[in-house]
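Data from input-v1.pdb: PDB, C-alpha atoms
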MODEL        1
ATOM      1  CA  MET A   1       2.171  24.732  -8.265  1.00  0.00           C
ATOM      2  CA  CYS A   2      -0.459  22.277  -9.383  1.00  0.00           C
ATOM      3  CA  GLY A   3      -2.865  24.044 -11.728  1.00  0.00           C
ATOM      4  CA  ARG A   4      -4.141  21.241 -13.961  1.00  0.00           C
ATOM      5  CA  TYR A   5      -4.651  17.538 -13.496  1.00  0.00           C
ATOM      6  CA  ALA A   6      -6.478  14.534 -14.916  1.00  0.00           C
ATOM      7  CA  SER A   7      -9.212  12.630 -13.084  1.00  0.00           C
ATOM      8  CA  ALA A   8     -10.931  10.079 -15.285  1.00  0.00           C
ATOM      9  CA  ARG A   9     -11.713   7.173 -12.961  1.00  0.00           C
ATOM     10  CA  LYS A  10     -15.299   6.083 -12.485  1.00  0.00           C
ATOM     11  CA  LYS A  11     -16.986   6.831  -9.190  1.00  0.00           C
ATOM     12  CA  GLN A  12     -17.288   3.138  -8.380  1.00  0.00           C
ATOM     13  CA  GLU A  13     -13.543   2.699  -8.830  1.00  0.00           C
ATOM     14  CA  LEU A  14     -12.864   5.485  -6.338  1.00  0.00           C
ATOM     15  CA  LEU A  15     -15.414   4.142  -3.843  1.00  0.00           C
ATOM     16  CA  GLU A  16     -13.584   0.804  -3.878  1.00  0.00           C
ATOM     17  CA  GLU A  17     -10.032   2.173  -4.084  1.00  0.00           C
ATOM     18  CA  PHE A  18     -10.473   4.444  -1.055  1.00  0.00           C
ATOM     19  CA  GLN A  19     -12.759   2.042   0.854  1.00  0.00           C
ATOM     20  CA  VAL A  20     -15.454   4.705   1.056  1.00  0.00           C
ATOM     21  CA  GLU A  21     -18.314   4.043   3.470  1.00  0.00           C
ATOM     22  CA  LEU A  22     -20.707   6.738   2.249  1.00  0.00           C
ATOM     23  CA  ASP A  23     -21.365   7.841  -1.327  1.00  0.00           C
ATOM     24  CA  GLY A  24     -21.989  11.559  -0.875  1.00  0.00           C
ATOM     25  CA  VAL A  25     -22.091  12.416  -4.578  1.00  0.00           C
ATOM     26  CA  PRO A  26     -25.304  14.362  -5.373  1.00  0.00           C
ATOM     27  CA  ASP A  27     -27.973  12.491  -7.311  1.00  0.00           C
ATOM     28  CA  ARG A  28     -28.588  15.581  -9.429  1.00  0.00           C
ATOM     29  CA  LEU A  29     -25.370  14.957 -11.381  1.00  0.00           C
ATOM     30  CA  PRO A  30     -25.975  13.392 -14.828  1.00  0.00           C
ATOM     31  CA  GLY A  31     -25.584   9.661 -14.344  1.00  0.00           C
ATOM     32  CA  GLY A  32     -24.943  10.221 -10.646  1.00  0.00           C
ATOM     33  CA  GLU A  33     -21.247  10.984 -11.091  1.00  0.00           C
ATOM     34  CA  LEU A  34     -18.742  13.424 -12.567  1.00  0.00           C
ATOM     35  CA  ARG A  35     -17.659  12.871 -16.137  1.00  0.00           C
ATOM     36  CA  PRO A  36     -14.055  11.784 -16.811  1.00  0.00           C
ATOM     37  CA  ASP A  37     -11.981  14.957 -16.910  1.00  0.00           C
ATOM     38  CA  TYR A  38      -8.553  15.015 -18.536  1.00  0.00           C
ATOM     39  CA  ASN A  39      -8.102  18.751 -18.056  1.00  0.00           C
ATOM     40  CA  VAL A  40      -9.240  19.632 -14.546  1.00  0.00           C
ATOM     41  CA  ALA A  41      -8.799  23.370 -14.001  1.00  0.00           C
ATOM     42  CA  PRO A  42      -9.417  25.681 -11.027  1.00  0.00           C
ATOM     43  CA  THR A  43     -13.077  26.264 -10.028  1.00  0.00           C
ATOM     44  CA  LYS A  44     -14.182  22.950 -11.571  1.00  0.00           C
ATOM     45  CA  ASN A  45     -16.073  20.379  -9.530  1.00  0.00           C
ATOM     46  CA  VAL A  46     -13.848  17.485  -8.459  1.00  0.00           C
ATOM     47  CA  TYR A  47     -13.973  14.403  -6.270  1.00  0.00           C
ATOM     48  CA  ALA A  48     -12.583  14.490  -2.734  1.00  0.00           C
ATOM     49  CA  VAL A  49     -12.376  11.760  -0.105  1.00  0.00           C
ATOM     50  CA  MET A  50     -12.955  12.951   3.459  1.00  0.00           C
ATOM     51  CA  CYS A  51     -14.037  11.718   6.890  1.00  0.00           C
ATOM     52  CA  ARG A  52     -16.931  13.438   8.660  1.00  0.00           C
ATOM     53  CA  VAL A  53     -18.494  12.769  12.052  1.00  0.00           C
ATOM     54  CA  PRO A  54     -22.255  12.128  11.664  1.00  0.00           C
ATOM     55  CA  LYS A  55     -24.578  14.886  12.892  1.00  0.00           C
ATOM     56  CA  ASP A  56     -27.809  14.641  14.842  1.00  0.00           C
ATOM     57  CA  ASP A  57     -31.152  16.093  13.771  1.00  0.00           C
ATOM     58  CA  GLY A  58     -30.100  19.472  15.136  1.00  0.00           C
ATOM     59  CA  GLY A  59     -27.022  19.622  12.937  1.00  0.00           C
ATOM     60  CA  GLU A  60     -24.573  18.975  15.794  1.00  0.00           C
ATOM     61  CA  SER A  61     -21.756  16.434  15.523  1.00  0.00           C
ATOM     62  CA  ARG A  62     -22.239  13.322  17.637  1.00  0.00           C
ATOM     63  CA  ALA A  63     -19.289  13.062  20.009  1.00  0.00           C
ATOM     64  CA  ASP A  64     -19.764   9.305  20.439  1.00  0.00           C
ATOM     65  CA  GLU A  65     -19.761   8.537  16.702  1.00  0.00           C
ATOM     66  CA  GLN A  66     -16.805   7.450  14.593  1.00  0.00           C
ATOM     67  CA  PRO A  67     -15.901   9.553  11.518  1.00  0.00           C
ATOM     68  CA  VAL A  68     -17.348   8.156   8.293  1.00  0.00           C
ATOM     69  CA  ARG A  69     -15.212   8.030   5.155  1.00  0.00           C
ATOM     70  CA  GLN A  70     -17.098   9.494   2.226  1.00  0.00           C
ATOM     71  CA  LEU A  71     -16.710  10.595  -1.369  1.00  0.00           C
ATOM     72  CA  ARG A  72     -17.942  14.103  -2.133  1.00  0.00           C
ATOM     73  CA  VAL A  73     -17.997  16.542  -5.019  1.00  0.00           C
ATOM     74  CA  VAL A  74     -16.273  19.820  -4.129  1.00  0.00           C
ATOM     75  CA  ARG A  75     -15.081  22.860  -6.055  1.00  0.00           C
ATOM     76  CA  TRP A  76     -11.357  23.291  -6.608  1.00  0.00           C
ATOM     77  CA  GLY A  77     -10.214  26.567  -5.070  1.00  0.00           C
ATOM     78  CA  LEU A  78     -10.625  26.910  -1.317  1.00  0.00           C
ATOM     79  CA  VAL A  79     -13.040  29.530   0.015  1.00  0.00           C
ATOM     80  CA  PRO A  80     -12.496  30.188   3.752  1.00  0.00           C
ATOM     81  CA  SER A  81     -15.639  30.285   5.886  1.00  0.00           C
ATOM     82  CA  TRP A  82     -15.010  33.971   6.626  1.00  0.00           C
ATOM     83  CA  ALA A  83     -14.636  35.032   2.973  1.00  0.00           C
ATOM     84  CA  LYS A  84     -17.048  37.708   1.772  1.00  0.00           C
ATOM     85  CA  ASP A  85     -17.100  36.393  -1.769  1.00  0.00           C
ATOM     86  CA  PRO A  86     -16.467  32.871  -3.160  1.00  0.00           C
ATOM     87  CA  SER A  87     -14.424  34.295  -6.037  1.00  0.00           C
ATOM     88  CA  VAL A  88     -11.331  34.233  -3.772  1.00  0.00           C
ATOM     89  CA  GLY A  89     -11.217  30.490  -4.354  1.00  0.00           C
ATOM     90  CA  SER A  90      -9.739  30.888  -7.821  1.00  0.00           C
ATOM     91  CA  ARG A  91      -6.556  32.212  -6.164  1.00  0.00           C
ATOM     92  CA  MET A  92      -6.380  29.488  -3.513  1.00  0.00           C
ATOM     93  CA  ILE A  93      -6.022  26.285  -5.502  1.00  0.00           C
ATOM     94  CA  ASN A  94      -2.720  25.411  -3.792  1.00  0.00           C
ATOM     95  CA  ALA A  95      -1.442  25.648  -0.220  1.00  0.00           C
ATOM     96  CA  ARG A  96       2.320  25.521   0.321  1.00  0.00           C
ATOM     97  CA  VAL A  97       3.307  22.856   2.858  1.00  0.00           C
ATOM     98  CA  GLU A  98       5.939  25.208   4.275  1.00  0.00           C
ATOM     99  CA  THR A  99       3.304  27.725   5.429  1.00  0.00           C
ATOM    100  CA  VAL A 100       0.001  25.807   5.501  1.00  0.00           C
ATOM    101  CA  ALA A 101      -0.002  25.579   9.310  1.00  0.00           C
ATOM    102  CA  GLU A 102       0.451  29.359   9.631  1.00  0.00           C
ATOM    103  CA  LYS A 103      -1.732  30.937   6.950  1.00  0.00           C
ATOM    104  CA  PRO A 104      -5.163  32.023   8.315  1.00  0.00           C
ATOM    105  CA  SER A 105      -6.842  30.672   5.187  1.00  0.00           C
ATOM    106  CA  TYR A 106      -5.602  27.131   5.776  1.00  0.00           C
ATOM    107  CA  ARG A 107      -4.544  26.514   9.378  1.00  0.00           C
ATOM    108  CA  ARG A 108      -8.007  25.664  10.735  1.00  0.00           C
ATOM    109  CA  ALA A 109      -8.712  23.276   7.869  1.00  0.00           C
ATOM    110  CA  LEU A 110      -5.334  21.591   8.421  1.00  0.00           C
ATOM    111  CA  LYS A 111      -6.387  20.665  11.947  1.00  0.00           C
ATOM    112  CA  SER A 112      -9.637  18.903  11.125  1.00  0.00           C
ATOM    113  CA  ARG A 113     -10.737  19.268   7.477  1.00  0.00           C
ATOM    114  CA  ARG A 114      -8.246  17.283   5.472  1.00  0.00           C
ATOM    115  CA  CYS A 115      -9.061  15.304   2.361  1.00  0.00           C
ATOM    116  CA  LEU A 116      -7.563  13.232  -0.420  1.00  0.00           C
ATOM    117  CA  ILE A 117      -8.023  14.468  -3.970  1.00  0.00           C
ATOM    118  CA  PRO A 118      -7.821  11.555  -6.418  1.00  0.00           C
ATOM    119  CA  ALA A 119      -6.001  12.080  -9.709  1.00  0.00           C
ATOM    120  CA  ASP A 120      -4.587   9.977 -12.509  1.00  0.00           C
ATOM    121  CA  GLY A 121      -1.751  12.470 -12.792  1.00  0.00           C
ATOM    122  CA  TYR A 122      -1.074  16.177 -13.144  1.00  0.00           C
ATOM    123  CA  TYR A 123       0.418  18.568 -15.683  1.00  0.00           C
ATOM    124  CA  GLU A 124       3.368  20.924 -15.390  1.00  0.00           C
ATOM    125  CA  TRP A 125       5.107  23.111 -17.954  1.00  0.00           C
ATOM    126  CA  MET A 126       8.877  23.122 -18.419  1.00  0.00           C
ATOM    127  CA  PRO A 127      10.568  26.251 -19.804  1.00  0.00           C
ATOM    128  CA  LEU A 128      12.682  25.545 -22.889  1.00  0.00           C
ATOM    129  CA  GLU A 129      15.359  27.890 -24.183  1.00  0.00           C
ATOM    130  CA  GLY A 130      14.140  29.683 -27.280  1.00  0.00           C
ATOM    131  CA  ARG A 131      10.842  27.798 -27.290  1.00  0.00           C
ATOM    132  CA  LYS A 132       7.472  27.985 -25.575  1.00  0.00           C
ATOM    133  CA  LYS A 133       6.949  25.959 -22.426  1.00  0.00           C
ATOM    134  CA  GLN A 134       6.499  22.225 -22.897  1.00  0.00           C
ATOM    135  CA  PRO A 135       3.664  20.496 -20.985  1.00  0.00           C
ATOM    136  CA  PHE A 136       4.457  17.233 -19.207  1.00  0.00           C
ATOM    137  CA  PHE A 137       2.101  14.676 -17.718  1.00  0.00           C
ATOM    138  CA  ILE A 138       3.314  13.384 -14.350  1.00  0.00           C
ATOM    139  CA  HIS A 139       1.717  10.227 -12.968  1.00  0.00           C
ATOM    140  CA  PRO A 140       2.325   7.278 -10.610  1.00  0.00           C
ATOM    141  CA  ALA A 141       4.857   4.903 -12.132  1.00  0.00           C
ATOM    142  CA  ASP A 142       2.730   1.902 -11.167  1.00  0.00           C
ATOM    143  CA  GLY A 143      -0.377   3.256 -12.916  1.00  0.00           C
ATOM    144  CA  GLY A 144      -2.257   3.591  -9.633  1.00  0.00           C
ATOM    145  CA  VAL A 145      -4.248   6.504  -8.310  1.00  0.00           C
ATOM    146  CA  LEU A 146      -2.472   9.658  -7.174  1.00  0.00           C
ATOM    147  CA  ALA A 147      -3.877  10.646  -3.762  1.00  0.00           C
ATOM    148  CA  MET A 148      -3.063  14.339  -3.436  1.00  0.00           C
ATOM    149  CA  ALA A 149      -3.106  15.853   0.040  1.00  0.00           C
ATOM    150  CA  GLY A 150      -5.885  18.400   0.267  1.00  0.00           C
ATOM    151  CA  LEU A 151      -7.874  20.593   2.617  1.00  0.00           C
ATOM    152  CA  TYR A 152     -11.548  21.475   2.404  1.00  0.00           C
ATOM    153  CA  GLU A 153     -13.817  24.174   3.776  1.00  0.00           C
ATOM    154  CA  PHE A 154     -17.507  25.028   3.876  1.00  0.00           C
ATOM    155  CA  TRP A 155     -18.736  28.497   2.911  1.00  0.00           C
ATOM    156  CA  LYS A 156     -22.279  29.698   3.561  1.00  0.00           C
ATOM    157  CA  ASP A 157     -23.893  31.852   0.881  1.00  0.00           C
ATOM    158  CA  PRO A 158     -25.737  34.681   2.697  1.00  0.00           C
ATOM    159  CA  THR A 159     -27.879  35.385  -0.369  1.00  0.00           C
ATOM    160  CA  ARG A 160     -29.581  31.968  -0.363  1.00  0.00           C
ATOM    161  CA  ALA A 161     -32.397  30.644   1.806  1.00  0.00           C
ATOM    162  CA  ASP A 162     -31.542  28.160   4.545  1.00  0.00           C
ATOM    163  CA  ASP A 163     -33.407  25.374   2.750  1.00  0.00           C
ATOM    164  CA  ASP A 164     -31.620  26.010  -0.549  1.00  0.00           C
ATOM    165  CA  PRO A 165     -29.430  22.963  -1.423  1.00  0.00           C
ATOM    166  CA  LEU A 166     -26.826  25.401  -2.774  1.00  0.00           C
ATOM    167  CA  LYS A 167     -26.663  27.349   0.502  1.00  0.00           C
ATOM    168  CA  TRP A 168     -23.386  25.674   1.427  1.00  0.00           C
ATOM    169  CA  LEU A 169     -20.389  25.563  -0.897  1.00  0.00           C
ATOM    170  CA  CYS A 170     -17.670  22.997  -0.219  1.00  0.00           C
ATOM    171  CA  THR A 171     -14.267  23.794  -1.719  1.00  0.00           C
ATOM    172  CA  CYS A 172     -10.770  22.354  -1.625  1.00  0.00           C
ATOM    173  CA  THR A 173      -7.110  23.135  -2.145  1.00  0.00           C
ATOM    174  CA  VAL A 174      -4.101  20.950  -3.017  1.00  0.00           C
ATOM    175  CA  ILE A 175      -1.074  21.049  -0.704  1.00  0.00           C
ATOM    176  CA  THR A 176       2.186  21.445  -2.630  1.00  0.00           C
ATOM    177  CA  THR A 177       5.836  20.886  -1.808  1.00  0.00           C
ATOM    178  CA  THR A 178       9.249  21.399  -3.413  1.00  0.00           C
ATOM    179  CA  ALA A 179       9.868  19.202  -6.447  1.00  0.00           C
ATOM    180  CA  THR A 180      13.259  17.549  -6.439  1.00  0.00           C
ATOM    181  CA  ASP A 181      15.396  15.391  -8.678  1.00  0.00           C
ATOM    182  CA  THR A 182      13.987  14.847 -12.172  1.00  0.00           C
ATOM    183  CA  LEU A 183      10.599  16.465 -11.524  1.00  0.00           C
ATOM    184  CA  GLY A 184      12.335  19.605 -10.295  1.00  0.00           C
ATOM    185  CA  ARG A 185      13.651  20.121 -13.811  1.00  0.00           C
ATOM    186  CA  ILE A 186      10.085  20.577 -15.035  1.00  0.00           C
ATOM    187  CA  HIS A 187       8.755  22.786 -12.254  1.00  0.00           C
ATOM    188  CA  ASP A 188       9.926  23.656  -8.750  1.00  0.00           C
ATOM    189  CA  ARG A 189       6.640  22.657  -7.070  1.00  0.00           C
ATOM    190  CA  MET A 190       4.588  19.454  -7.003  1.00  0.00           C
ATOM    191  CA  PRO A 191       1.479  18.146  -5.204  1.00  0.00           C
ATOM    192  CA  MET A 192       2.061  16.550  -1.834  1.00  0.00           C
ATOM    193  CA  MET A 193       1.047  12.893  -1.957  1.00  0.00           C
ATOM    194  CA  VAL A 194      -0.347  10.820   0.893  1.00  0.00           C
ATOM    195  CA  GLU A 195       0.718   7.176   0.783  1.00  0.00           C
ATOM    196  CA  ARG A 196      -1.933   4.502   1.241  1.00  0.00           C
ATOM    197  CA  ASP A 197      -0.766   3.427   4.713  1.00  0.00           C
ATOM    198  CA  ARG A 198      -1.322   7.001   5.943  1.00  0.00           C
ATOM    199  CA  TRP A 199      -4.754   7.640   4.438  1.00  0.00           C
ATOM    200  CA  THR A 200      -6.637   6.750   7.630  1.00  0.00           C
ATOM    201  CA  GLU A 201      -4.573   9.042   9.853  1.00  0.00           C
ATOM    202  CA  TRP A 202      -4.619  11.908   7.346  1.00  0.00           C
ATOM    203  CA  LEU A 203      -8.387  11.802   6.994  1.00  0.00           C
ATOM    204  CA  ASP A 204      -9.148  11.436  10.723  1.00  0.00           C
ATOM    205  CA  PRO A 205     -10.584  14.809  11.873  1.00  0.00           C
ATOM    206  CA  ARG A 206      -9.678  13.948  15.472  1.00  0.00           C
ATOM    207  CA  LEU A 207      -5.956  14.144  14.675  1.00  0.00           C
ATOM    208  CA  THR A 208      -5.119  17.830  15.123  1.00  0.00           C
ATOM    209  CA  ASP A 209      -1.428  17.764  14.142  1.00  0.00           C
ATOM    210  CA  PRO A 210      -0.964  15.878  10.858  1.00  0.00           C
ATOM    211  CA  THR A 211       2.276  17.545   9.765  1.00  0.00           C
ATOM    212  CA  GLY A 212       4.323  14.401  10.372  1.00  0.00           C
ATOM    213  CA  LEU A 213       2.243  12.559   7.767  1.00  0.00           C
ATOM    214  CA  LEU A 214       3.302  14.858   4.927  1.00  0.00           C
ATOM    215  CA  VAL A 215       6.351  13.330   3.309  1.00  0.00           C
ATOM    216  CA  PRO A 216       7.384  14.046  -0.320  1.00  0.00           C
ATOM    217  CA  ALA A 217       7.048  11.201  -2.803  1.00  0.00           C
ATOM    218  CA  GLY A 218      10.090   9.001  -3.332  1.00  0.00           C
ATOM    219  CA  PRO A 219      12.207   9.634  -6.458  1.00  0.00           C
ATOM    220  CA  ASP A 220      10.899   6.532  -8.247  1.00  0.00           C
ATOM    221  CA  ARG A 221       7.230   7.009  -7.312  1.00  0.00           C
ATOM    222  CA  LEU A 222       6.318   9.254 -10.261  1.00  0.00           C
ATOM    223  CA  GLU A 223       7.062   9.292 -13.987  1.00  0.00           C
ATOM    224  CA  ALA A 224       6.805  12.158 -16.479  1.00  0.00           C
ATOM    225  CA  TYR A 225       6.591  12.461 -20.243  1.00  0.00           C
ATOM    226  CA  ALA A 226       5.904  15.276 -22.707  1.00  0.00           C
ATOM    227  CA  VAL A 227       2.364  15.720 -24.052  1.00  0.00           C
ATOM    228  CA  ALA A 228       0.790  17.884 -26.758  1.00  0.00           C
ATOM    229  CA  ASP A 229       0.159  21.550 -26.014  1.00  0.00           C
ATOM    230  CA  ALA A 230      -3.584  21.033 -26.562  1.00  0.00           C
ATOM    231  CA  VAL A 231      -3.777  20.778 -22.770  1.00  0.00           C
ATOM    232  CA  ASN A 232      -2.955  24.499 -22.597  1.00  0.00           C
ATOM    233  CA  ASN A 233      -6.577  25.249 -23.517  1.00  0.00           C
ATOM    234  CA  VAL A 234      -9.176  24.177 -20.927  1.00  0.00           C
ATOM    235  CA  ARG A 235     -11.712  23.669 -23.717  1.00  0.00           C
ATOM    236  CA  HIS A 236      -9.729  20.636 -24.851  1.00  0.00           C
ATOM    237  CA  ASN A 237     -10.648  17.538 -22.892  1.00  0.00           C
ATOM    238  CA  GLY A 238     -10.142  13.895 -23.755  1.00  0.00           C
ATOM    239  CA  PRO A 239      -7.796  10.918 -23.292  1.00  0.00           C
ATOM    240  CA  GLU A 240      -5.590  12.187 -26.105  1.00  0.00           C
ATOM    241  CA  LEU A 241      -4.304  14.878 -23.735  1.00  0.00           C
ATOM    242  CA  ILE A 242      -2.321  12.319 -21.742  1.00  0.00           C
ATOM    243  CA  GLU A 243      -0.883  10.494 -24.754  1.00  0.00           C
ATOM    244  CA  PRO A 244       2.949  10.739 -24.904  1.00  0.00           C
ATOM    245  CA  LEU A 245       4.420  12.891 -27.653  1.00  0.00           C
ATOM    246  CA  GLU A 246       6.501  10.980 -30.179  1.00  0.00           C
ATOM    247  CA  GLY A 247       9.382  12.168 -32.332  1.00  0.00           C
ATOM    248  CA  ASP A 248      13.091  12.903 -32.214  1.00  0.00           C
ATOM    249  CA  ASP A 249      12.560  16.531 -31.208  1.00  0.00           C
ATOM    250  CA  VAL A 250      10.375  15.751 -28.188  1.00  0.00           C
ATOM    251  CA  PRO A 251      11.969  17.058 -24.953  1.00  0.00           C
ATOM    252  CA  ARG A 252      13.039  14.250 -22.645  1.00  0.00           C
ATOM    253  CA  LEU A 253      14.180  14.256 -19.043  1.00  0.00           C
ATOM    254  CA  PHE A 254      16.878  11.604 -19.394  1.00  0.00           C
TER     255      PHE A 254
ENDMDL
END

For the structure just supplied, provide its representation as structure tokens.
Amino acid sequence: MCGRYASARKKQELLEEFQVELDGVPDRLPGGELRPDYNVAPTKNVYAVMCRVPKDDGGESRADEQPVRQLRVVRWGLVPSWAKDPSVGSRMINARVETVAEKPSYRRALKSRRCLIPADGYYEWMPLEGRKKQPFFIHPADGGVLAMAGLYEFWKDPTRADDDPLKWLCTCTVITTTATDTLGRIHDRMPMMVERDRWTEWLDPRLTDPTGLLVPAGPDRLEAYAVADAVNNVRHNGPELIEPLEGDDVPRLF
């Protein structure tokens, strides 16, 4: 699974990297953007890139309009529209690619509410014989952004007034796949990546069957190295969390 990741890029970097047409990040955020987060955990607010068809004054989608690519702030942990309580999201941070098209919680979102969740890399823990699990930081080998395949949903809070800006909650989940080769030694699951040349198709809400776009990352696409166990505690947050561990006793994959 993917339960922790790092996302420290500035909003402007993401707007340019993903060729975003609409900045949908709320102005009420301090500084107008999320702070760099080196220890993103479930239920935190995160960035997501998505395409939405503009709506008219009555709230209806305009059939003649093209989808607009936008950057939004969503909560990690998908809450289906039919959920009675948003707390279910804490258990739905990942959707397995093998079953995502079948599970009631995800299948509707897969058809038209797909997103990209930007990350600098993610963490996984490798079991070691006779020792506690060792955290590893896994990131693109070229230092670029990791575009994780995601789904998003909107949930309406029945306890809030219709004009309350918090009436609607937008949440997301990360699609995962089987980890192979070297990464499979750390953990048997990994986030599904979407390569740059498939971003447009993946985000297009008019494409109802995107399964052919989900292809695991190539064996040389990602690198991993051991990091300090400070990342185990969500209260720790800073660039030191992704610094490689040094020393002769540091676990290595090669």

Practice problem: Please provide as a list in words all residues within 7 Å of Pro205 in chain A, with the sequence filter that same-chain residues fewer than 3 positions apart are discarded (counting all atoms listed in the file). | Solution: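 These residues fall inside the cut-off: Cys51, Ser112 and Arg113 of chain A.
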
Quiz prompt | Selected residue of minimal separation from Gln66 in chain A among A:Asp120, A:Glu195, A:Glu129, A:Glu21, counting all atoms listed in the file | solution = A:Glu21

Quiz item: Pick the closest to Leu71 in chain A from A:Met126, A:Ala41, A:Leu203, A:Leu15: which is it, counting all atoms listed in the file?
Solution: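 Ranked by minimum distance to Leu71 in chain A, first place goes to A:Leu15.
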
Give me the residues of range 153-215 of chain A that have any atom at most 10 Å from an atom of range 132-137 of chain A; for each, the nearest atom pair and the distance in Å, rounded to one decimal. Use all atoms listed in the file, sort by chain and number, and format it as a Markdown table.
| residue | atom | partner | partner_atom | distance |
| --- | --- | --- | --- | --- |
| A:Leu183 | CA | A:Phe136 | CA | 9.9 |
| A:Ile186 | CA | A:Phe136 | CA | 7.8 |
| A:His187 | CA | A:Phe136 | CA | 9.9 |

Quiz item: When you draw a straight line from CA of Ala95 in chain A to CA of Val174 in chain A, how long is it in Å?
Solution: 6.1 Å

Practice problem: Measuring atom to atom with all atoms listed in the file, identify which of A:Tyr38, A:Tyr47, A:Trp155, A:Trp125 is nearest to Val88 in chain A. | Solution: A:Trp155

Exercise. With the file shown as input, list the residues that the PyMOL selection byres ((chain A and resi 142-150) around 6) selects, as a ChimeraX atom specification.
Key: /A:114-120,140-141,151,173-175,192-194

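Restricting the calculation to all atoms listed in the file, the smallest distance between Val231 in chain A and any of A:Glu243, A:Pro54, A:Pro251, A:Asn94 is found for A:Glu243.
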
Practice problem: Please provide the set of residues having any atom within 12 Å of Lys11 in chain A, restricted to only C-alpha atoms, with same-chain residues fewer than 4 positions apart removed, written as a VMD selection string. | Solution: chain A and resid 7 15 to 20 23 to 26 29 31 to 36 46 to 49 70 to 73 118

Practice problem: Could you jot down the CA of Val215 in chain A to CA of Leu110 in chain A separation for me, Å, one decimal place? | Solution: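 Between CA of Val215 in chain A and CA of Leu110 in chain A the gap works out to 15.2 Å.
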
Quiz item: Can you tell me how far CA of Tyr225 in chain A sits from CA of Ile138 in chain A, in Å to one decimal?
Solution: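 Distance between the two atoms: 6.8 Å.
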
Exercise. Please return, as a list in words, all polymer residues that have at least one atom within 7 Å of the point (5.2, 25.4, -6.0); use all atoms listed in the file and the file's own coordinate frame.
Key: Met1, Arg96, Thr176, Thr177, Thr178, Asp188, Arg189 and Met190 of chain A

Any chance you could export the current selection's C-alpha atoms as a PDB file, in the coordinates of the input?
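Below is the file part-v1.pdb, written as the result:
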ATOM      1  CA  MET A   1       2.171  24.732  -8.265  1.00  0.00           C
ATOM      2  CA  ARG A  96       2.320  25.521   0.321  1.00  0.00           C
ATOM      3  CA  THR A 176       2.186  21.445  -2.630  1.00  0.00           C
ATOM      4  CA  THR A 177       5.836  20.886  -1.808  1.00  0.00           C
ATOM      5  CA  THR A 178       9.249  21.399  -3.413  1.00  0.00           C
ATOM      6  CA  ASP A 188       9.926  23.656  -8.750  1.00  0.00           C
ATOM      7  CA  ARG A 189       6.640  22.657  -7.070  1.00  0.00           C
ATOM      8  CA  MET A 190       4.588  19.454  -7.003  1.00  0.00           C
TER       9      MET A 190
END

Quiz item: What does the PyMOL selection byres ((chain A and resi 76) around 6) select in this file, as a list of chain:residue names?
Solution: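 Checking the PyMOL selection byres ((chain A and resi 76) around 6) against this file, the residues are A:Pro42, A:Thr43, A:Lys44, A:Arg75, A:Gly77, A:Thr171, A:Cys172.
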
Edge lengths and centre in Å to one decimal, as AutoDock Vina command-line options, is what I'm after for the box along x, y and z that holds all listed atoms of range 96-103 of chain A once 3 Å is added on each side.
--center_x 2.1 --center_y 26.9 --center_z 5.0 --size_x 13.7 --size_y 14.1 --size_z 15.3

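With distances taken over all atoms listed in the file, A:Gly121 is the one residue among A:Gly212, A:Pro86, A:Gly121, A:Pro127 lying closest to Asp37 in chain A.
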
Kindly assemble as CSV a list of the range 145-228 of chain A residues that lie within 12 Å of range 234-241 of chain A, each paired with its nearest atom pair and their distance in Å to one decimal, using only C-alpha atoms, sorted first by chain and then by ascending residue number.
residue,atom,partner,partner_atom,distance
A:Tyr225,CA,A:Leu241,CA,11.7
A:Ala226,CA,A:Leu241,CA,10.3
A:Val227,CA,A:Leu241,CA,6.7
A:Ala228,CA,A:Leu241,CA,6.6

Any chance you can output those residues with C-alpha atoms as a compact mmCIF listing (two decimals), keeping the file's coordinate frame?
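The resulting file, again.txt, is reproduced below:
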# COMPACT_ATOMS: atom_id res chain seq x y z
CA TYR A 225 6.59 12.46 -20.24
CA ALA A 226 5.90 15.28 -22.71
CA VAL A 227 2.36 15.72 -24.05
CA ALA A 228 0.79 17.88 -26.76

Quiz prompt | Pick from A:Leu169, A:Ile242, A:Val250, A:Leu222 nearest to Ala6 in chain A, counting only C-alpha atoms | solution =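 Comparing A:Leu169, A:Ile242, A:Val250, A:Leu222 against Ala6 in chain A, the winner is A:Ile242.
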
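Here the PyMOL selection byres ((chain A and resi 101) around 12) matches the residues Ala95, Arg96, Val97, Glu98, Thr99, Val100, Glu102, Lys103, Pro104, Ser105, Tyr106, Arg107, Arg108, Ala109, Leu110, Lys111, Ser112, Leu151, Ile175, Thr208, Asp209, Pro210 and Thr211 of chain A.
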